[in-house]
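Enquirer: A single structure is presented below for examination.
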There are 2 protein chains.
Amino acid sequence: MVKRTSLAGNECPIARALDVFGDWWSLLIIRDALIGRRRFGEFQASLGLAKNILATRLRSLVERGILKMVPASDGSAYQEYVPTPKGHGIFPILVALRQWSEEFDEDPDEIATTLVDREKGKPVKKLALYSQDGRMLSAVDTALKFRPTAKRTRRASA
Amino acid sequence: MVKRTSLAGNECPIARALDVFGDWWSLLIIRDALIGRRRFGEFQASLGLAKNILATRLRSLVERGILKMVPASDGSAYQEYVPTPKGHGIFPILVALRQWSEEFDEDPDEIATTLVDREKGKPVKKLALYSQDGRMLSAVDTALKFRPTAKRTRRASA
DNA sequence: CCATTCGGTTGCATTATTAAACTATGTTGC
DNA sequence: GCAACATAGTTTAATAATGCAACCGAATGG
């Protein structure tokens with residue numbers, strides 16, 4: 001009854017996303033999945049989290065359509081966890097998180113990797129937000145507009 | 001000793017960002033702060049979280065340089081929490097989360113708001129990743145390159 | 001076969017979250 | 001100036017989530 005308050009059904013799309021993968025480990029599991037890790041043991045070794053936690057997270061991510069289970073690619077009887085299109089859609093979020101650390105981290109020397117374009121090997125550009133007519137937008141150039149069609153549910157939120 | 005494993009000192013910039021605001025509430029507090037909410041009571045009313053949790057989160061976000069406390073703008077003796085530049089830098093992450101929900105949510109009708117450019121009132125474009133020479137990149141067009149200068153710390157991670 | 005790896009589950013201790021009550025200032029109406 | 005209320009928290013106690021280690025069955029490897 002006093003369980004962690006769910007963000008599902010919230011009107012804010014940010015809260016809705018966090019409801020799916022806003023916990024301590026899910027995004028890191030998704031990160032691993034997007035760079036090609038797919039076996040239970042791979043995730044566990046890479047992340048160093050408890051196996052029961054990993055099991056519940058993987059189950060949740062499969063339930064919510066971020067990952068899917070497929071027969072192992074090496075012909076063994078085991079299963080693999082691979083990202084769905086919905087899972088691949090999380091890539092820009094990971095890029096945004098990465099770029100924030102690259103720009104604002106106190107100890108950038110501790111960051112081990114750079115995201116580069118595979119073809120040229122050069123660092124990618126910063127993600128940027130544009131208007132439909134091509135102007136680059138910062139936060140103050142934007143506003144939130146209420147959608148008239150939205151069926152209200154719980155909290156106003158944003 | 002068995003406390004939640006810290007992600008600080010991790011080599012992965014994504015993990016480092018999550019160490020700062022990767023919990024259940026911080027990003028929502030930051031979202032609120034970026035749309036102009038600044039008083040303790042405003043956050044509490046908007047988010048509906050327990051006041052002790054809000055207090056610890058605000059303290060943490062101030063410590064980590066995401067928010068800063070300033071005298072209240074209305075001349076009262078109270079304080080306000082306002083985003084620092086480091087806090088404003090989180091905006092693209094929120095946009096990425098929003099756009100993911102807009103694209104993949106099962107119940108998009110429950111989403112109350114759209115992000116528009118203030119000048120024209122039109123929805124913003126999708127965040128996109130570009131190479132330095134202007135090619136649009138998807139996840140498979142990118143790679144992770146190890147930075148030779150990085151001083152290794154703990155886990156390989158990514 | 002037999003030992004080992006893989007992919008979990010179970011039980012227990014610790015930590016985090018929650019709601020509610022309480023407190024200390026600050027503000028407002030009179 | 002003072003009672004009443006608002007603000008911004010802290011404290012307390014209950015419940016839920018997390019972490020760790022031990023276990024377990026199926027799959028694999030030799």
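Each chain in the structure tokens gets a letter, A, B, ..., in the order shown, and its residues are numbered from 1; ligands are numbered from 1 in order too.
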With 7 Å as the limit and counting only C-alpha atoms (C1' of nucleotides), what residues in chain C lie close to chain A? Please list them as a tab-separated table (two decimals) with all heavy atoms, in the first residue's frame.
Expert:
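result-v6.tsv written:
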chain	number	residue	atom	x	y	z
C	7	DG	P	23.35	-17.24	-19.65
C	7	DG	OP1	22.80	-17.01	-21.00
C	7	DG	OP2	24.25	-16.25	-19.02
C	7	DG	O5'	22.12	-17.50	-18.66
C	7	DG	C5'	21.11	-18.42	-19.05
C	7	DG	C4'	20.11	-18.57	-17.93
C	7	DG	O4'	20.75	-19.19	-16.81
C	7	DG	C3'	19.55	-17.23	-17.42
C	7	DG	O3'	18.15	-17.38	-17.17
C	7	DG	C2'	20.31	-17.04	-16.13
C	7	DG	C1'	20.40	-18.47	-15.66
C	7	DG	N9	21.38	-18.72	-14.62
C	7	DG	C8	22.61	-18.13	-14.45
C	7	DG	N7	23.25	-18.57	-13.38
C	7	DG	C5	22.39	-19.51	-12.82
C	7	DG	C6	22.53	-20.32	-11.67
C	7	DG	O6	23.48	-20.36	-10.88
C	7	DG	N1	21.42	-21.14	-11.47
C	7	DG	C2	20.32	-21.17	-12.29
C	7	DG	N2	19.35	-22.02	-11.94
C	7	DG	N3	20.17	-20.42	-13.38
C	7	DG	C4	21.24	-19.62	-13.58
C	17	DT	P	14.98	6.40	-2.32
C	17	DT	OP1	14.95	6.47	-3.80
C	17	DT	OP2	15.59	7.48	-1.52
C	17	DT	O5'	13.48	6.17	-1.82
C	17	DT	C5'	12.71	5.13	-2.40
C	17	DT	C4'	11.34	5.10	-1.77
C	17	DT	O4'	11.45	4.68	-0.40
C	17	DT	C3'	10.62	6.45	-1.76
C	17	DT	O3'	9.39	6.27	-2.45
C	17	DT	C2'	10.44	6.77	-0.27
C	17	DT	C1'	10.53	5.39	0.38
C	17	DT	N1	11.04	5.33	1.77
C	17	DT	C2	10.30	4.68	2.73
C	17	DT	O2	9.22	4.16	2.50
C	17	DT	N3	10.87	4.65	3.97
C	17	DT	C4	12.08	5.19	4.35
C	17	DT	O4	12.50	5.09	5.50
C	17	DT	C5	12.81	5.85	3.29
C	17	DT	C7	14.14	6.48	3.59
C	17	DT	C6	12.27	5.89	2.07
C	18	DT	P	8.42	7.52	-2.73
C	18	DT	OP1	7.69	7.23	-3.96
C	18	DT	OP2	9.20	8.77	-2.59
C	18	DT	O5'	7.41	7.42	-1.50
C	18	DT	C5'	6.73	6.19	-1.26
C	18	DT	C4'	5.98	6.23	0.06
C	18	DT	O4'	6.92	6.09	1.15
C	18	DT	C3'	5.24	7.54	0.34
C	18	DT	O3'	3.86	7.34	0.10
C	18	DT	C2'	5.54	7.86	1.81
C	18	DT	C1'	6.34	6.66	2.29
C	18	DT	N1	7.47	6.98	3.19
C	18	DT	C2	7.45	6.51	4.48
C	18	DT	O2	6.55	5.85	4.93
C	18	DT	N3	8.55	6.86	5.23
C	18	DT	C4	9.63	7.62	4.81
C	18	DT	O4	10.55	7.86	5.57
C	18	DT	C5	9.58	8.08	3.46
C	18	DT	C7	10.69	8.92	2.90
C	18	DT	C6	8.51	7.75	2.71
Enquirer: What are the residues of chain D that have an atom within 9 Å of an atom of chain B, counting only C-alpha atoms (C1' of nucleotides), as a ChimeraX atom specification?
Expert: /D:7-10,18-20
Enquirer: Using only C-alpha atoms, which chain B residues lie at most 6 Å away from chain A, written as a short mmCIF file (atom, residue, chain, number, x, y, z; two decimals) with all heavy atoms, in the first residue's frame?
Expert:
data_model
loop_
_atom_site.label_atom_id
_atom_site.label_comp_id
_atom_site.auth_asym_id
_atom_site.auth_seq_id
_atom_site.Cartn_x
_atom_site.Cartn_y
_atom_site.Cartn_z
N GLU B 11 33.36 4.60 -15.29
CA GLU B 11 34.00 5.17 -16.49
C GLU B 11 32.99 5.58 -17.54
O GLU B 11 33.34 6.26 -18.49
CB GLU B 11 34.95 4.15 -17.10
CG GLU B 11 36.08 3.77 -16.17
CD GLU B 11 37.07 2.88 -16.88
OE1 GLU B 11 36.68 2.26 -17.88
OE2 GLU B 11 38.23 2.84 -16.44
N CYS B 12 31.78 5.11 -17.39
CA CYS B 12 30.78 5.37 -18.42
C CYS B 12 30.08 6.69 -18.13
O CYS B 12 29.54 6.88 -17.04
CB CYS B 12 29.75 4.25 -18.47
SG CYS B 12 28.34 4.66 -19.49
N PRO B 13 30.08 7.59 -19.09
CA PRO B 13 29.48 8.89 -18.85
C PRO B 13 27.99 8.81 -18.58
O PRO B 13 27.43 9.66 -17.88
CB PRO B 13 29.76 9.66 -20.14
CG PRO B 13 30.00 8.62 -21.16
CD PRO B 13 30.61 7.45 -20.45
N ILE B 14 27.35 7.77 -19.11
CA ILE B 14 25.93 7.60 -18.86
C ILE B 14 25.72 7.24 -17.39
O ILE B 14 24.87 7.82 -16.71
CB ILE B 14 25.35 6.51 -19.78
CG1 ILE B 14 25.47 6.96 -21.24
CG2 ILE B 14 23.92 6.19 -19.42
CD1 ILE B 14 25.27 5.86 -22.25
N ALA B 17 26.21 10.27 -15.20
CA ALA B 17 25.05 11.15 -15.16
C ALA B 17 23.96 10.56 -14.27
O ALA B 17 23.36 11.26 -13.45
CB ALA B 17 24.52 11.38 -16.58
N ASP B 23 17.82 8.80 -10.03
CA ASP B 23 16.86 8.17 -9.14
C ASP B 23 15.44 8.49 -9.59
O ASP B 23 15.22 9.15 -10.61
CB ASP B 23 17.08 8.65 -7.72
CG ASP B 23 16.77 10.12 -7.60
OD1 ASP B 23 17.67 10.92 -7.87
OD2 ASP B 23 15.62 10.47 -7.26
N TRP B 24 14.52 8.01 -8.80
CA TRP B 24 13.12 8.08 -9.20
C TRP B 24 12.57 9.50 -9.33
O TRP B 24 11.67 9.77 -10.11
CB TRP B 24 12.29 7.30 -8.18
CG TRP B 24 11.01 6.78 -8.70
CD1 TRP B 24 9.77 7.17 -8.29
CD2 TRP B 24 10.80 5.80 -9.71
NE1 TRP B 24 8.82 6.47 -8.98
CE2 TRP B 24 9.42 5.63 -9.87
CE3 TRP B 24 11.65 5.05 -10.52
CZ2 TRP B 24 8.86 4.74 -10.78
CZ3 TRP B 24 11.10 4.17 -11.43
CH2 TRP B 24 9.73 4.01 -11.55
N SER B 46 3.36 19.87 -6.95
CA SER B 46 3.37 19.39 -8.32
C SER B 46 3.66 17.91 -8.42
O SER B 46 3.04 17.18 -9.18
CB SER B 46 4.40 20.18 -9.12
OG SER B 46 4.90 19.42 -10.19
N ILE B 93 18.20 16.20 -22.30
CA ILE B 93 17.85 14.87 -21.80
C ILE B 93 16.35 14.77 -21.61
O ILE B 93 15.71 13.77 -21.97
CB ILE B 93 18.59 14.59 -20.48
CG1 ILE B 93 20.10 14.60 -20.71
CG2 ILE B 93 18.13 13.27 -19.87
CD1 ILE B 93 20.94 14.65 -19.44
N ALA B 96 14.70 14.44 -24.91
CA ALA B 96 14.84 13.09 -25.46
C ALA B 96 13.86 12.13 -24.79
O ALA B 96 13.24 11.29 -25.46
CB ALA B 96 16.29 12.61 -25.27
N LEU B 97 13.70 12.26 -23.48
CA LEU B 97 12.74 11.41 -22.77
C LEU B 97 11.33 11.65 -23.28
O LEU B 97 10.56 10.74 -23.55
CB LEU B 97 12.81 11.69 -21.27
CG LEU B 97 14.05 11.14 -20.55
CD1 LEU B 97 14.22 11.79 -19.18
CD2 LEU B 97 13.93 9.62 -20.39
N ARG B 98 10.99 12.93 -23.40
CA ARG B 98 9.67 13.31 -23.91
C ARG B 98 9.42 12.72 -25.29
O ARG B 98 8.38 12.11 -25.55
CB ARG B 98 9.60 14.84 -23.95
CG ARG B 98 8.50 15.40 -24.81
CD ARG B 98 8.50 16.92 -24.77
NE ARG B 98 7.90 17.40 -23.54
CZ ARG B 98 6.58 17.52 -23.36
NH1 ARG B 98 5.74 17.19 -24.33
NH2 ARG B 98 6.11 17.97 -22.23
N SER B 101 8.67 9.02 -25.32
CA SER B 101 7.29 8.71 -24.95
C SER B 101 6.33 9.06 -26.08
O SER B 101 5.40 8.32 -26.38
CB SER B 101 6.89 9.46 -23.68
OG SER B 101 7.39 8.80 -22.53
N ASP B 109 -2.50 9.18 -25.94
CA ASP B 109 -3.58 10.11 -25.64
C ASP B 109 -3.52 10.64 -24.21
O ASP B 109 -4.12 11.66 -23.88
CB ASP B 109 -4.95 9.44 -25.85
CG ASP B 109 -5.30 9.39 -27.31
OD1 ASP B 109 -4.58 10.01 -28.12
OD2 ASP B 109 -6.28 8.70 -27.65
N GLU B 110 -2.83 9.91 -23.37
CA GLU B 110 -2.73 10.35 -21.97
C GLU B 110 -1.67 11.42 -21.79
O GLU B 110 -1.53 11.97 -20.69
CB GLU B 110 -2.44 9.16 -21.06
CG GLU B 110 -3.61 8.20 -20.95
CD GLU B 110 -3.36 7.09 -19.94
OE1 GLU B 110 -2.28 7.08 -19.33
OE2 GLU B 110 -4.24 6.23 -19.78
N ILE B 111 -0.88 11.68 -22.83
CA ILE B 111 0.16 12.72 -22.71
C ILE B 111 -0.50 14.09 -22.87
O ILE B 111 -1.22 14.33 -23.84
CB ILE B 111 1.24 12.53 -23.79
CG1 ILE B 111 1.94 11.18 -23.57
CG2 ILE B 111 2.24 13.68 -23.75
CD1 ILE B 111 2.97 10.84 -24.62
N ALA B 112 -0.26 14.95 -21.90
CA ALA B 112 -1.03 16.18 -21.83
C ALA B 112 -0.45 17.31 -22.67
O ALA B 112 -1.18 18.21 -23.09
CB ALA B 112 -1.14 16.64 -20.38
N THR B 113 0.86 17.29 -22.90
CA THR B 113 1.48 18.48 -23.48
C THR B 113 2.35 18.16 -24.69
O THR B 113 2.78 17.03 -24.89
CB THR B 113 2.39 19.17 -22.44
OG1 THR B 113 3.34 18.21 -21.97
CG2 THR B 113 1.58 19.69 -21.27
N THR B 114 2.59 19.18 -25.47
CA THR B 114 3.51 19.10 -26.59
C THR B 114 4.55 20.19 -26.41
O THR B 114 4.23 21.27 -25.91
CB THR B 114 2.76 19.38 -27.92
OG1 THR B 114 1.56 18.63 -27.92
CG2 THR B 114 3.60 19.02 -29.11
N LEU B 115 5.77 19.91 -26.79
CA LEU B 115 6.82 20.92 -26.72
C LEU B 115 6.85 21.68 -28.04
O LEU B 115 7.04 21.09 -29.10
CB LEU B 115 8.18 20.25 -26.47
CG LEU B 115 9.34 21.21 -26.22
CD1 LEU B 115 9.19 21.95 -24.90
CD2 LEU B 115 10.67 20.47 -26.25
N VAL B 116 6.62 22.98 -27.97
CA VAL B 116 6.57 23.78 -29.19
C VAL B 116 7.62 24.88 -29.13
O VAL B 116 8.14 25.20 -28.06
CB VAL B 116 5.18 24.43 -29.37
CG1 VAL B 116 4.10 23.36 -29.46
CG2 VAL B 116 4.88 25.40 -28.23
N ASP B 117 7.94 25.43 -30.30
CA ASP B 117 8.84 26.59 -30.25
C ASP B 117 7.99 27.82 -29.94
O ASP B 117 6.89 28.00 -30.45
CB ASP B 117 9.64 26.74 -31.54
CG ASP B 117 8.86 27.31 -32.68
OD1 ASP B 117 8.19 26.51 -33.37
OD2 ASP B 117 8.92 28.53 -32.91
N ARG B 118 8.50 28.60 -29.02
CA ARG B 118 7.73 29.70 -28.46
C ARG B 118 7.31 30.71 -29.54
O ARG B 118 6.21 31.27 -29.49
CB ARG B 118 8.58 30.41 -27.40
CG ARG B 118 7.83 31.37 -26.52
CD ARG B 118 8.75 31.96 -25.47
NE ARG B 118 9.10 31.01 -24.41
CZ ARG B 118 8.30 30.73 -23.38
NH1 ARG B 118 7.13 31.33 -23.26
NH2 ARG B 118 8.68 29.86 -22.47
N VAL B 124 8.35 21.08 -31.89
CA VAL B 124 9.76 21.07 -32.26
C VAL B 124 10.07 19.82 -33.09
O VAL B 124 9.29 18.88 -33.12
CB VAL B 124 10.66 21.09 -31.02
CG1 VAL B 124 10.34 22.31 -30.16
CG2 VAL B 124 10.50 19.81 -30.21
N LYS B 125 11.22 19.84 -33.74
CA LYS B 125 11.65 18.66 -34.50
C LYS B 125 12.21 17.60 -33.57
O LYS B 125 12.56 17.89 -32.42
CB LYS B 125 12.74 19.06 -35.51
CG LYS B 125 12.18 19.76 -36.73
CD LYS B 125 13.03 19.45 -37.95
CE LYS B 125 13.96 20.61 -38.28
NZ LYS B 125 14.60 20.44 -39.60
N LEU B 127 14.93 15.40 -31.95
CA LEU B 127 16.37 15.49 -31.75
C LEU B 127 17.04 14.52 -32.72
O LEU B 127 16.58 13.41 -32.91
CB LEU B 127 16.75 15.07 -30.33
CG LEU B 127 16.47 16.04 -29.19
CD1 LEU B 127 16.82 15.37 -27.87
CD2 LEU B 127 17.25 17.32 -29.38
N LEU B 129 21.00 13.12 -34.28
CA LEU B 129 22.44 13.07 -34.06
C LEU B 129 23.15 13.21 -35.40
O LEU B 129 22.80 12.54 -36.37
CB LEU B 129 22.80 11.73 -33.40
CG LEU B 129 24.24 11.58 -32.92
CD1 LEU B 129 24.56 12.59 -31.85
CD2 LEU B 129 24.47 10.16 -32.43
N TYR B 130 24.12 14.11 -35.43
CA TYR B 130 24.84 14.35 -36.68
C TYR B 130 26.33 14.13 -36.50
O TYR B 130 26.89 14.37 -35.42
CB TYR B 130 24.60 15.78 -37.17
CG TYR B 130 23.21 16.01 -37.69
CD1 TYR B 130 22.20 16.46 -36.84
CD2 TYR B 130 22.90 15.77 -39.01
CE1 TYR B 130 20.91 16.66 -37.29
CE2 TYR B 130 21.60 15.96 -39.48
CZ TYR B 130 20.62 16.41 -38.63
OH TYR B 130 19.35 16.59 -39.10
N SER B 131 26.99 13.72 -37.57
CA SER B 131 28.45 13.67 -37.58
C SER B 131 28.96 15.09 -37.81
O SER B 131 28.21 16.00 -38.16
CB SER B 131 28.93 12.77 -38.71
OG SER B 131 28.60 13.36 -39.96
N GLN B 132 30.24 15.25 -37.59
CA GLN B 132 30.81 16.58 -37.75
C GLN B 132 30.68 17.09 -39.18
O GLN B 132 30.61 18.30 -39.42
CB GLN B 132 32.28 16.59 -37.30
CG GLN B 132 32.39 16.62 -35.77
CD GLN B 132 33.82 16.73 -35.30
OE1 GLN B 132 34.75 16.77 -36.09
NE2 GLN B 132 33.98 16.79 -33.98
N ASP B 141 25.38 3.69 -36.82
CA ASP B 141 26.41 4.48 -37.51
C ASP B 141 27.45 5.01 -36.54
O ASP B 141 28.35 5.76 -36.95
CB ASP B 141 25.77 5.67 -38.24
CG ASP B 141 24.71 5.21 -39.21
OD1 ASP B 141 24.94 4.23 -39.92
OD2 ASP B 141 23.63 5.84 -39.23
N THR B 142 27.32 4.67 -35.29
CA THR B 142 28.25 5.21 -34.30
C THR B 142 29.07 4.09 -33.68
O THR B 142 28.75 2.91 -33.82
CB THR B 142 27.49 5.93 -33.17
OG1 THR B 142 26.72 4.97 -32.43
CG2 THR B 142 26.58 7.01 -33.72
N ALA B 143 30.13 4.48 -32.99
CA ALA B 143 30.97 3.52 -32.28
C ALA B 143 31.53 4.20 -31.06
O ALA B 143 31.54 5.43 -30.97
CB ALA B 143 32.09 3.04 -33.20
N LEU B 144 31.98 3.40 -30.11
CA LEU B 144 32.61 3.96 -28.93
C LEU B 144 34.12 3.85 -29.09
O LEU B 144 34.65 2.80 -29.41
CB LEU B 144 32.17 3.18 -27.68
CG LEU B 144 30.75 3.46 -27.21
CD1 LEU B 144 30.39 2.57 -26.05
CD2 LEU B 144 30.60 4.93 -26.83
N LYS B 145 34.77 4.96 -28.87
CA LYS B 145 36.23 4.96 -28.99
C LYS B 145 36.81 5.22 -27.61
O LYS B 145 36.37 6.13 -26.91
CB LYS B 145 36.63 6.09 -29.95
CG LYS B 145 38.07 6.05 -30.41
CD LYS B 145 38.16 6.73 -31.77
CE LYS B 145 39.34 7.66 -31.90
NZ LYS B 145 39.26 8.44 -33.15
N PHE B 146 37.78 4.42 -27.21
CA PHE B 146 38.40 4.63 -25.91
C PHE B 146 39.32 5.84 -25.99
O PHE B 146 40.06 6.01 -26.95
CB PHE B 146 39.15 3.38 -25.47
CG PHE B 146 38.27 2.42 -24.75
CD1 PHE B 146 37.52 1.48 -25.48
CD2 PHE B 146 38.12 2.47 -23.39
CE1 PHE B 146 36.67 0.61 -24.83
CE2 PHE B 146 37.28 1.59 -22.73
CZ PHE B 146 36.55 0.66 -23.45
N ARG B 147 39.23 6.65 -24.98
CA ARG B 147 40.08 7.84 -24.93
C ARG B 147 41.40 7.44 -24.27
O ARG B 147 41.42 6.99 -23.13
CB ARG B 147 39.43 8.93 -24.09
CG ARG B 147 38.03 9.26 -24.54
CD ARG B 147 37.49 10.46 -23.78
NE ARG B 147 38.03 10.53 -22.44
CZ ARG B 147 38.43 11.65 -21.85
NH1 ARG B 147 38.33 12.80 -22.50
NH2 ARG B 147 38.89 11.64 -20.63
N ALA B 150 42.18 8.85 -20.75
CA ALA B 150 41.34 8.56 -19.60
C ALA B 150 42.11 7.78 -18.54
O ALA B 150 42.83 6.84 -18.85
CB ALA B 150 40.12 7.76 -20.04
N LYS B 151 41.97 8.21 -17.31
CA LYS B 151 42.57 7.45 -16.22
C LYS B 151 41.55 6.44 -15.71
O LYS B 151 40.50 6.80 -15.19
CB LYS B 151 43.03 8.37 -15.09
CG LYS B 151 42.03 9.45 -14.70
CD LYS B 151 42.57 10.29 -13.55
CE LYS B 151 41.57 11.38 -13.20
NZ LYS B 151 42.08 12.39 -12.30
N SER B 157 32.72 -1.19 -18.12
CA SER B 157 31.41 -0.59 -18.37
C SER B 157 31.14 -0.20 -19.83
O SER B 157 30.36 -0.82 -20.49
CB SER B 157 31.21 0.63 -17.49
OG SER B 157 31.08 0.16 -16.17
#
Enquirer: How would you write, as a PyMOL selection string, the set of residues in stretch 97-158 of chain A that DSSP gives as strand (DSSP E or B)?
Expert: chain A and resi 113-117+123+128-130+136-137+142-146
Enquirer: Could the residues in this selection be written to a file with N, CA and C atoms, as a PDB file, in the first residue's frame?
Expert:
ATOM      1  N   THR A 113      35.247   6.756 -22.679  1.00  0.00           N
ATOM      2  CA  THR A 113      34.955   6.606 -24.107  1.00  0.00           C
ATOM      3  C   THR A 113      34.391   7.878 -24.722  1.00  0.00           C
ATOM      4  N   THR A 114      34.495   7.948 -26.028  1.00  0.00           N
ATOM      5  CA  THR A 114      33.892   9.012 -26.816  1.00  0.00           C
ATOM      6  C   THR A 114      32.983   8.353 -27.848  1.00  0.00           C
ATOM      7  N   LEU A 115      31.872   8.998 -28.143  1.00  0.00           N
ATOM      8  CA  LEU A 115      30.982   8.482 -29.182  1.00  0.00           C
ATOM      9  C   LEU A 115      31.395   9.091 -30.511  1.00  0.00           C
ATOM     10  N   VAL A 116      31.761   8.247 -31.450  1.00  0.00           N
ATOM     11  CA  VAL A 116      32.238   8.742 -32.743  1.00  0.00           C
ATOM     12  C   VAL A 116      31.367   8.192 -33.859  1.00  0.00           C
ATOM     13  N   ASP A 117      31.417   8.842 -35.014  1.00  0.00           N
ATOM     14  CA  ASP A 117      30.706   8.240 -36.136  1.00  0.00           C
ATOM     15  C   ASP A 117      31.598   7.148 -36.724  1.00  0.00           C
ATOM     16  N   PRO A 123      34.335  12.421 -33.316  1.00  0.00           N
ATOM     17  CA  PRO A 123      33.251  12.600 -32.337  1.00  0.00           C
ATOM     18  C   PRO A 123      31.998  13.148 -33.007  1.00  0.00           C
ATOM     19  N   ALA A 128      21.068  18.729 -30.845  1.00  0.00           N
ATOM     20  CA  ALA A 128      20.514  20.075 -30.808  1.00  0.00           C
ATOM     21  C   ALA A 128      19.045  20.017 -31.182  1.00  0.00           C
ATOM     22  N   LEU A 129      18.314  20.964 -30.642  1.00  0.00           N
ATOM     23  CA  LEU A 129      16.878  21.009 -30.858  1.00  0.00           C
ATOM     24  C   LEU A 129      16.563  22.090 -31.889  1.00  0.00           C
ATOM     25  N   TYR A 130      15.752  21.727 -32.857  1.00  0.00           N
ATOM     26  CA  TYR A 130      15.413  22.674 -33.924  1.00  0.00           C
ATOM     27  C   TYR A 130      13.903  22.856 -34.040  1.00  0.00           C
ATOM     28  N   MET A 136      17.627  26.856 -34.383  1.00  0.00           N
ATOM     29  CA  MET A 136      18.084  26.087 -33.241  1.00  0.00           C
ATOM     30  C   MET A 136      17.450  26.661 -31.977  1.00  0.00           C
ATOM     31  N   LEU A 137      16.938  25.782 -31.126  1.00  0.00           N
ATOM     32  CA  LEU A 137      16.173  26.242 -29.969  1.00  0.00           C
ATOM     33  C   LEU A 137      16.862  25.864 -28.666  1.00  0.00           C
ATOM     34  N   THR A 142      11.388  27.564 -26.069  1.00  0.00           N
ATOM     35  CA  THR A 142      10.317  26.574 -26.193  1.00  0.00           C
ATOM     36  C   THR A 142       9.226  26.844 -25.170  1.00  0.00           C
ATOM     37  N   ALA A 143       8.103  26.205 -25.378  1.00  0.00           N
ATOM     38  CA  ALA A 143       6.994  26.313 -24.441  1.00  0.00           C
ATOM     39  C   ALA A 143       6.231  25.003 -24.464  1.00  0.00           C
ATOM     40  N   LEU A 144       5.442  24.773 -23.441  1.00  0.00           N
ATOM     41  CA  LEU A 144       4.602  23.589 -23.392  1.00  0.00           C
ATOM     42  C   LEU A 144       3.190  23.977 -23.777  1.00  0.00           C
ATOM     43  N   LYS A 145       2.651  23.242 -24.713  1.00  0.00           N
ATOM     44  CA  LYS A 145       1.292  23.524 -25.148  1.00  0.00           C
ATOM     45  C   LYS A 145       0.414  22.348 -24.750  1.00  0.00           C
ATOM     46  N   PHE A 146      -0.736  22.635 -24.152  1.00  0.00           N
ATOM     47  CA  PHE A 146      -1.626  21.548 -23.779  1.00  0.00           C
ATOM     48  C   PHE A 146      -2.329  21.025 -25.015  1.00  0.00           C
TER      49      PHE A 146
END
Enquirer: Please measure the separation of atom C1' of D:DA6 and atom C1' of C:DT27, giving the value in Å to one decimal.
Expert: 7.2 Å
Enquirer: In Å, how far is it from atom C1' of D:DA22 to atom C1' of C:DA3?
Expert: 19.0 Å
Enquirer: Closest to C:DA20 among B:Pro83, B:Met69, B:Glu42, B:Ala50, using only C-alpha atoms (C1' of nucleotides)?
Expert: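 With only C-alpha atoms (C1' of nucleotides) as the atom set, the closest residue is B:Ala50.
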Enquirer: Find, counting only C-alpha atoms (C1' of nucleotides), the residue in D:DC23, D:DG30, D:DT11, D:DC5 that gets nearest to C:DT23.
Expert: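 Nearest candidate to C:DT23 out of D:DC23, D:DG30, D:DT11, D:DC5: D:DT11.
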Enquirer: Quick check for you: according to DSSP on this backbone, which residues of chain A are classed as helix (DSSP H, G or I)? Reply as a PyMOL selection string.
Expert: chain A and resi 13-21+26-34+40-47+51-63+85-88+91-104+108-110+139-141
Enquirer: Give me the residues within 12 Å of D:DC24 as a PyMOL selection string, counting only C-alpha atoms (C1' of nucleotides) and dropping any in the same chain fewer than 3 places off.
Expert: chain C and resi 6-10
Enquirer: Got time to write the residues from that selection, N, CA, C and O atoms (P, O5', C5', C4', C3', O3' and C1' of nucleotides), as a compact mmCIF listing (two decimals), in the first residue's frame?
Expert:
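This is the output file part_34.txt:
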# COMPACT_ATOMS: atom_id res chain seq x y z
P DC C 6 29.40 -19.14 -18.31
O5' DC C 6 27.83 -19.33 -18.33
C5' DC C 6 27.25 -20.29 -19.22
C4' DC C 6 25.74 -20.30 -19.03
C3' DC C 6 25.14 -18.94 -18.74
O3' DC C 6 24.08 -18.70 -19.64
C1' DC C 6 24.44 -20.56 -17.12
P DG C 7 23.35 -17.24 -19.65
O5' DG C 7 22.12 -17.50 -18.66
C5' DG C 7 21.11 -18.42 -19.05
C4' DG C 7 20.11 -18.57 -17.93
C3' DG C 7 19.55 -17.23 -17.42
O3' DG C 7 18.15 -17.38 -17.17
C1' DG C 7 20.40 -18.47 -15.66
P DG C 8 17.22 -16.04 -17.14
O5' DG C 8 17.70 -15.25 -15.84
C5' DG C 8 16.90 -15.18 -14.66
C4' DG C 8 16.83 -16.51 -13.94
C3' DG C 8 16.12 -16.46 -12.61
O3' DG C 8 14.75 -16.76 -12.80
C1' DG C 8 18.09 -17.82 -12.51
P DT C 9 13.69 -16.19 -11.75
O5' DT C 9 13.95 -17.06 -10.43
C5' DT C 9 13.60 -18.44 -10.43
C4' DT C 9 13.77 -18.99 -9.01
C3' DT C 9 12.97 -18.22 -7.95
O3' DT C 9 12.38 -19.17 -7.07
C1' DT C 9 15.26 -18.27 -7.36
P DT C 10 11.33 -18.65 -5.97
O5' DT C 10 12.15 -18.76 -4.61
C5' DT C 10 13.02 -19.87 -4.41
C4' DT C 10 13.70 -19.74 -3.06
C3' DT C 10 12.93 -18.94 -2.00
O3' DT C 10 13.01 -19.62 -0.76
C1' DT C 10 15.09 -18.00 -2.32
Enquirer: With only C-alpha atoms (C1' of nucleotides) as the counted atoms, please give the residues lying no more than 12 Å from C:DC30, apart from itself and same-chain residues fewer than 3 positions off, as a ChimeraX atom specification.
Expert: /D:1-4
